[in-house]
Protein chains: 2
Amino acid sequence: MTADAAAQPPKACADCRLRQLTCFLPTTPAELAFIQQCRESTPRVRAGRAIIAEHRASPRLFTLYSGWAFRYKTLADGRRQILNFLLPGDFIGLQGEFTDDATHGVEALTHTHLCAFGHDRLWDIFSRQARLGYNVTWLCASEEQLVDENLVTVGRRNAAERIAMLLIHLWRRAERLGLVDEQGGVEFPLTQQHIADALGLSLVHTNKTLRKLERVGLHEIKSARLRLLDPLALQRIADYYAKPMRPVPLL
Amino acid sequence: MTADAAAQPPKACADCRLRQLTCFLPTTPAELAFIQQCRESTPRVRAGRAIIAEHRASPRLFTLYSGWAFRYKTLADGRRQILNFLLPGDFIGLQGEFTDDATHGVEALTHTHLCAFGHDRLWDIFSRQARLGYNVTWLCASEEQLVDENLVTVGRRNAAERIAMLLIHLWRRAERLGLVDEQGGVEFPLTQQHIADALGLSLVHTNKTLRKLERVGLHEIKSARLRLLDPLALQRIADYYAKPMRPVPLL
DNA sequence: CGACCCTTTGAGGGCCGTCAAAGGGGGTGG
DNA sequence: CCACCCCCTTTGACGGCCCTCAAAGGGTCG
């Protein structure tokens with residue numbers, strides 16, 4: 001089995017690698033069987049490709065199984081705002097269920113594997129497995145919290161604070177998924193353009209601020225890996241002292 | 001019956017003034033009875049007071065019945081970001097169900113009337129009325145879309161564009177609720193400080209930009225009423241051409 | 001080895017923030 | 001009924017953060 005094969009979802013949801021993590025709530029066998037029945041395919045999307053095209057109604061729901069992605073919106077003249085980043089376990093495409101046009105796009109940052117559910121399955125979930133319906137709402141509320149936090153960052157923090165915030169937050173989210181190595185490093189597939197688009201900054205200013213923080217010794221980004229060298233200083237700068245995260249549901 | 005009394009929720013949900021509006025989806029009698037049973041009180045919150053205190057776990061869920069409110073977060077040094085505004089029919093407090101501390105506050109902009117549901121009722125909704133559970137998710141996804149839109153505004157639009165966006169968007173939301181008078185005016189209870197906090201601008205710059213748009217004849221704010229004098233120009237400035245809104249659920 | 005993308009750095013300017021202070025307007029109390 | 005007060009609005013001056021323009025340096029892949 002290659003490393004690549006490990007990134008693919010197994011045939012049986014019971015063997016799901018994500019479900020073994022303590023950061024996800026356990027599921028009953030009945031729920032697991034139901035989820036597996038809803039899963040109609042496990043598509044792969046390579047880095048830079050669209051998972052959901054902007055302004056096109058999304059036909060399906062997904063759980064991101066492996067890899068990174070992001071949600072974004074663009075204005076007519078090309079200005080782009082990244083709304084939030086998506087990591088394994090995140091649920092994708094819920095908005096498309098309730099509006100005619102997908103109001104945002106979703107793009108893969110790395111090669112990704114997805115578990116796809118038919119779009120007509122959402123109502124099934126609520127009607128046949130109430131607990132899973134509750135979990136869908138939970139995931140939706142969680143994503144909204146991410147966007148809330150990003151809005152505060154973009155609206156009220158200066159460039160250095162924004163970058164500190166982004167680095168801590170992404171690092172913490174990766175950590176709870178067990179993606180941090182022994183040296184405290186995580187995969188970091190964002191380009192500086194992505195960071196700029198997420199933080200409402202220009203590419204140039206993003207670079208200058210990022211370098212300043214790096215030169216002071218707060219963090220290190222090298223060969224697409226991020227390490228936080230002074231997490232406490234970063235927290236202080238960002239004014240972000242997050243509590244330990246509770247387990248969340250997984251569909 | 002005074003005008004004030006009309007702003008209060010009636011005893012029976014079947015008599016709900018909001019439910020007569022075409023912008024809300026119809027409910028079955030069974031669902032209506034269930035909702036009424038969940039409603040445990042109809043508190044009133046006066047302008048400027050907290051509906052949900054920041055950093056305090058919210059014990060309850062609400063539907064905003066009348067009046068305006070807003071969700072916000074503040075940083076340690078006092079900087080405040082308004083996340084979105086709440087109008088009649090909006091659902092309040094869902095986030096508090098899934099996190100220990102309410103990560104944001106909710107404050108009344110005007111005198112408000114609320115329908116309050118016990119916090120232990122959320123699971124009841126999903127388990128006993130699946131369709132209503134589905135609707136809760138719908139409302140959650142709708143609110144996320146508001147925040148998404150605001151994040152784009154704050155991250156990628158300049159001051160004039162931000163203000164144009166806010167004015168159009170709030171006006172449209174009020175219009176579908178039937179709150180627009182014959183002169184095309186709606187109640188507009190925001191101070192310029194609220195606008196600044198919502199748009200990530202300073203109070204001073206908000207004032208200057210607002211006055212510039214007003215002097216050019218795009219809109220008019222007088223005695224707490226907003227009128228759009230040139231909606232098309234505002235749309236063009238904001239790059240915001242929204243489709244007609246679909247009916248949404250109401251709890 | 002060249003092409004392309006991403007990163008890095010400098011220069012200059014503009015948008016927007018901060019500071020300061022005066023001008024309404026509505027509510028309260030005398 | 002008037003006067004005062006407080007909050008909100010308005011305007012000017014000035015400075016700084018961040019944007020735009022420009023161009024060179026590195027890394028990777030065909």
# chains A, B, ... in the order shown; residues from 1 in each chain; ligands from 1

$ select_by_dssp --residues "region 131-199 of chain A" --states "alpha helix (DSSP H)" --output "number ranges by chain"
A: 131-156, 159-176, 192-199

$ interface_residues --of "chain C" --to "chain A" --cutoff "12 Å" --atoms "only C-alpha atoms (C1' of nucleotides)" --output "list in words"
DC5, DC6, DT7, DT8, DT9, DG10 and DG17 of chain C

$ write_last_selection --atoms "C-alpha atoms (C1' of nucleotides)" --output "PDB file, in the first residue's frame"
ATOM      1  C1'  DC C   5       4.975  30.361 -10.855  1.00  0.00           C
ATOM      2  C1'  DC C   6       5.985  31.915  -6.415  1.00  0.00           C
ATOM      3  C1'  DT C   7       8.728  34.820  -3.428  1.00  0.00           C
ATOM      4  C1'  DT C   8      11.173  38.919  -2.237  1.00  0.00           C
ATOM      5  C1'  DT C   9      12.384  43.804  -2.072  1.00  0.00           C
ATOM      6  C1'  DG C  10      12.181  48.834  -3.173  1.00  0.00           C
ATOM      7  C1'  DG C  17      -7.158  55.819  10.725  1.00  0.00           C
TER       8       DG C  17
END

$ residues_around --residues "Leu213 (chain B)" --least-positions-apart "4" --cutoff "12 Å" --atoms "only C-alpha atoms (C1' of nucleotides)" --output "ChimeraX atom specification"
/B:159-164,167,206-209,217-221,228-231,233-234,237

$ interface_residues --of "chain D" --to "chain B" --cutoff "9 Å" --atoms "only C-alpha atoms (C1' of nucleotides)" --output "PyMOL selection string"
chain D and resi 8-11

$ closest_residue --among "B:Thr63, B:Asn158, B:Thr28, B:Thr110" --to "chain A" --atoms "only C-alpha atoms"
B:Asn158

$ select_by_dssp --residues "region 49-172 of chain A" --states "strand (DSSP E)" --output "ChimeraX atom specification"
/A:50-52,60-66,69-74,80-86,91-92,105-108,112-118

$ residues_around --residues "region 143-148 of chain B" --least-positions-apart "3" --cutoff "7 Å" --atoms "only C-alpha atoms (C1' of nucleotides)" --output "CSV table (one decimal) with all heavy atoms, in the first residue's frame"
chain,number,residue,atom,x,y,z
A,83,LEU,N,-13.1,32.5,2.1
A,83,LEU,CA,-14.0,32.6,3.3
A,83,LEU,C,-13.5,31.7,4.4
A,83,LEU,O,-13.5,32.2,5.6
A,83,LEU,CB,-15.4,32.1,2.8
A,83,LEU,CG,-16.0,32.9,1.7
A,83,LEU,CD1,-17.2,32.2,1.1
A,83,LEU,CD2,-16.3,34.3,2.1
A,144,GLU,N,-19.9,28.3,10.4
A,144,GLU,CA,-20.2,29.7,10.6
A,144,GLU,C,-19.3,30.3,11.6
A,144,GLU,O,-18.9,31.5,11.4
A,144,GLU,CB,-21.6,29.8,11.0
A,144,GLU,CG,-22.0,31.3,11.1
A,144,GLU,CD,-23.5,31.5,11.5
A,144,GLU,OE1,-24.2,30.5,11.5
A,144,GLU,OE2,-23.8,32.7,11.8
A,147,VAL,N,-16.1,31.4,9.9
A,147,VAL,CA,-16.3,32.6,9.1
A,147,VAL,C,-16.4,33.8,10.0
A,147,VAL,O,-15.9,34.9,9.7
A,147,VAL,CB,-17.5,32.5,8.2
A,147,VAL,CG1,-17.6,33.7,7.2
A,147,VAL,CG2,-17.4,31.2,7.4
A,148,ASP,N,-17.2,33.7,11.1
A,148,ASP,CA,-17.3,34.7,12.1
A,148,ASP,C,-15.9,35.2,12.5
A,148,ASP,O,-15.6,36.4,12.5
A,148,ASP,CB,-18.0,34.3,13.4
A,148,ASP,CG,-19.5,34.2,13.2
A,148,ASP,OD1,-20.0,34.6,12.1
A,148,ASP,OD2,-20.2,33.6,14.1
B,83,LEU,N,-21.0,41.1,13.1
B,83,LEU,CA,-21.0,40.0,12.2
B,83,LEU,C,-22.1,40.1,11.2
B,83,LEU,O,-21.9,39.8,10.0
B,83,LEU,CB,-21.0,38.7,13.0
B,83,LEU,CG,-19.9,38.5,14.0
B,83,LEU,CD1,-20.2,37.4,14.9
B,83,LEU,CD2,-18.6,38.4,13.3
B,84,ASN,N,-23.3,40.3,11.7
B,84,ASN,CA,-24.5,40.5,10.8
B,84,ASN,C,-25.6,41.1,11.6
B,84,ASN,O,-25.7,41.0,12.8
B,84,ASN,CB,-24.9,39.2,10.1
B,84,ASN,CG,-25.3,38.2,11.1
B,84,ASN,OD1,-24.5,37.5,11.7
B,84,ASN,ND2,-26.7,37.9,11.1
B,139,LEU,N,-31.9,27.6,8.2
B,139,LEU,CA,-31.7,28.9,8.7
B,139,LEU,C,-30.2,29.2,9.1
B,139,LEU,O,-29.7,30.3,8.9
B,139,LEU,CB,-32.5,29.1,10.0
B,139,LEU,CG,-34.0,29.2,9.7
B,139,LEU,CD1,-34.8,29.2,11.0
B,139,LEU,CD2,-34.3,30.5,8.9
B,140,CYS,N,-29.6,28.1,9.5
B,140,CYS,CA,-28.1,28.2,9.9
B,140,CYS,C,-27.3,28.5,8.6
B,140,CYS,O,-26.5,29.4,8.6
B,140,CYS,CB,-27.7,27.0,10.5
B,140,CYS,SG,-26.0,27.0,11.1
B,151,LEU,N,-18.0,39.1,4.8
B,151,LEU,CA,-16.6,38.9,4.8
B,151,LEU,C,-16.0,39.4,3.5
B,151,LEU,O,-14.9,40.0,3.4
B,151,LEU,CB,-16.2,37.4,5.0
B,151,LEU,CG,-14.8,37.0,5.0
B,151,LEU,CD1,-13.9,37.9,6.0
B,151,LEU,CD2,-14.6,35.6,5.4
B,152,VAL,N,-16.7,39.1,2.4
B,152,VAL,CA,-16.2,39.6,1.1
B,152,VAL,C,-16.2,41.2,1.1
B,152,VAL,O,-15.3,41.8,0.7
B,152,VAL,CB,-17.1,39.1,0.0
B,152,VAL,CG1,-16.7,39.8,-1.4
B,152,VAL,CG2,-17.1,37.6,-0.1

$ residues_around --residues "region 90-96 of chain B" --least-positions-apart "4" --cutoff "8 Å" --atoms "only C-alpha atoms (C1' of nucleotides)" --output "ChimeraX atom specification"
/A:141-142,145 /B:52,57-64,86,100-103,139-140,250-251

$ write_last_selection --atoms "C-alpha atoms" --output "JSON list (two decimals), in the first residue's frame"
[["chain", "number", "residue", "atom", "x", "y", "z"],
["A", 141, "ALA", "CA", -22.81, 26.11, 12.93],
["A", 142, "SER", "CA", -19.14, 25.20, 13.29],
["A", 145, "GLN", "CA", -17.98, 30.16, 13.59],
["B", 52, "ILE", "CA", -27.16, 37.11, 24.47],
["B", 57, "ALA", "CA", -23.21, 30.41, 27.40],
["B", 58, "SER", "CA", -26.61, 31.12, 25.95],
["B", 59, "PRO", "CA", -29.28, 29.13, 27.70],
["B", 60, "ARG", "CA", -31.90, 29.59, 25.04],
["B", 61, "LEU", "CA", -32.83, 29.83, 21.42],
["B", 62, "PHE", "CA", -34.90, 32.66, 20.04],
["B", 63, "THR", "CA", -36.79, 33.74, 17.00],
["B", 64, "LEU", "CA", -36.69, 37.48, 16.58],
["B", 86, "LEU", "CA", -30.88, 40.43, 12.55],
["B", 100, "ASP", "CA", -19.32, 25.96, 25.73],
["B", 101, "ASP", "CA", -19.00, 29.71, 25.65],
["B", 102, "ALA", "CA", -21.13, 31.91, 23.47],
["B", 103, "THR", "CA", -18.46, 33.12, 21.14],
["B", 139, "LEU", "CA", -31.67, 28.95, 8.72],
["B", 140, "CYS", "CA", -28.14, 28.25, 9.87],
["B", 250, "LEU", "CA", -39.68, 30.35, 10.19],
["B", 251, "LEU", "CA", -39.52, 28.85, 13.62]]

$ residues_around --residues "DG15 (chain D)" --least-positions-apart "2" --cutoff "12 Å" --atoms "only C-alpha atoms (C1' of nucleotides)" --output "list in words"
DC16, DG17, DT18 and DC19 of chain C; DA13 and DC17 of chain D

$ closest_residue --among "A:Arg172, A:Leu132, A:Glu54, A:Arg157" --to "Leu32 (chain A)" --atoms "only C-alpha atoms"
A:Leu132

$ atom_distance --atom1 "CA of Ile51 (chain B)" --atom2 "CA of Tyr72 (chain B)"
11.5 Å

$ closest_residue --among "A:Thr153, A:Leu203, A:Glu40, A:Lys222" --to "Thr74 (chain B)" --atoms "only C-alpha atoms"
A:Thr153

$ residues_around --residues "DA11 (chain C)" --least-positions-apart "2" --cutoff "12 Å" --atoms "only C-alpha atoms (C1' of nucleotides)" --output "MDAnalysis selection string"
(chainID C and resid 9 13) or (chainID D and resid 20:23)
